[in-house]
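Okay, so here's the structure we're looking at.
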Amino acid sequence: MFESIKKAKQLGALALERVDDYLELVRLSAEIQVQNWKKQAISYLMVALFSALSLIFLGLAVIITCWDTPYRILSAWGIAGIYALIAFLVYAAAPKQTASVSAFDVVRDELQQDIKLMKDVV
């Protein structure tokens, strides 16, 4: 009986000792996750901006090149059709993007290791 009380006391001390570590690990993981989201959002916005600008200027260049030819109207509608096709392809491919690994996996792994350790002690 005293042995189980001693083990429970050791487990309680271990758990209290690890709570601060868990809180610090959660805080750090949350900060890392926020920084990753910010970097990812900024990079997506930059890619979208420069892609849109390059498509606009490419379309203008094609239309201006064909301005004095009988293909002016055909080139304008062709550019509009290509833009619509690109928009559809981007929309179709968007759900297939994979999610990044969560920063909280470290916290989960630590908790699982400690639970295993506590089970081994008991």
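In the structure tokens, chains take the letters A, B, ... in the order shown, each chain's residues start at 1, and ligands count up from 1 in the order shown.
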Inset, instruction - Quick one: everything within 12 Å of A:Ala87, counting only C-alpha atoms, minus sequence neighbours fewer than 6 positions away in the same chain. Send it as a ChimeraX atom specification. - result: /A:48,51-52,55,80-81,93-94
Could you dump the residues just selected with N, CA and C atoms as a short mmCIF file (atom, residue, chain, number, x, y, z; two decimals), in the first residue's frame?
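Just written: again_22.cif:
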data_model
loop_
_atom_site.label_atom_id
_atom_site.label_comp_id
_atom_site.auth_asym_id
_atom_site.auth_seq_id
_atom_site.Cartn_x
_atom_site.Cartn_y
_atom_site.Cartn_z
N ALA A 48 0.30 35.81 -56.12
CA ALA A 48 -0.95 36.20 -56.79
C ALA A 48 -0.82 37.56 -57.46
N SER A 51 1.62 37.28 -60.48
CA SER A 51 1.01 36.47 -61.53
C SER A 51 -0.05 37.27 -62.28
N ALA A 52 -0.86 37.98 -61.52
CA ALA A 52 -1.91 38.81 -62.15
C ALA A 52 -1.28 39.90 -63.02
N LEU A 55 0.21 38.37 -66.21
CA LEU A 55 -0.83 37.99 -67.16
C LEU A 55 -1.45 39.21 -67.84
N ALA A 80 -8.72 36.67 -73.56
CA ALA A 80 -9.78 36.53 -72.56
C ALA A 80 -10.09 35.05 -72.30
N GLY A 81 -10.10 34.25 -73.37
CA GLY A 81 -10.35 32.82 -73.21
C GLY A 81 -9.23 32.12 -72.44
N ALA A 93 -7.35 23.21 -59.17
CA ALA A 93 -6.18 22.68 -58.47
C ALA A 93 -6.10 23.13 -57.01
N ALA A 94 -6.83 24.15 -56.62
CA ALA A 94 -6.71 24.71 -55.27
C ALA A 94 -7.04 23.72 -54.15
#
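If you look at atom CA of A:Leu11 and atom CA of A:Ser29, they are 25.6 Å away from each other.
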Legend entry - Which of A:Ser43, A:Gln35, A:Gln112, A:Ser75 sits closest to A:Leu58 [using only C-alpha atoms]: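 Using only C-alpha atoms, A:Leu58 sits closest to A:Ser75.
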Inset, instruction - May I ask for the distance between atom CA of A:Ala15 and atom CA of A:Asp109, given in Å to one decimal place? - result: 15.5 Å
Legend entry - Among the residues A:Ile56, A:Glu110, A:Lys6, A:Ile63, the one that comes closest to A:Ala76 [using only C-alpha atoms]: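 Under the stated criterion, the closest residue is A:Ile63.
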Legend entry - Nearest to A:Phe104, chosen from A:Asp68, A:Glu3, A:Glu24, A:Asp120, with only C-alpha atoms counted in the distances: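 With only C-alpha atoms as the atom set, the closest residue is A:Glu24.
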Inset, instruction - Work out how far apart atom CA of A:Val62 and atom CA of A:Ile79 are and give it in Å to one decimal. - result: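 Atom CA of A:Val62 sits 8.0 Å away from atom CA of A:Ile79.
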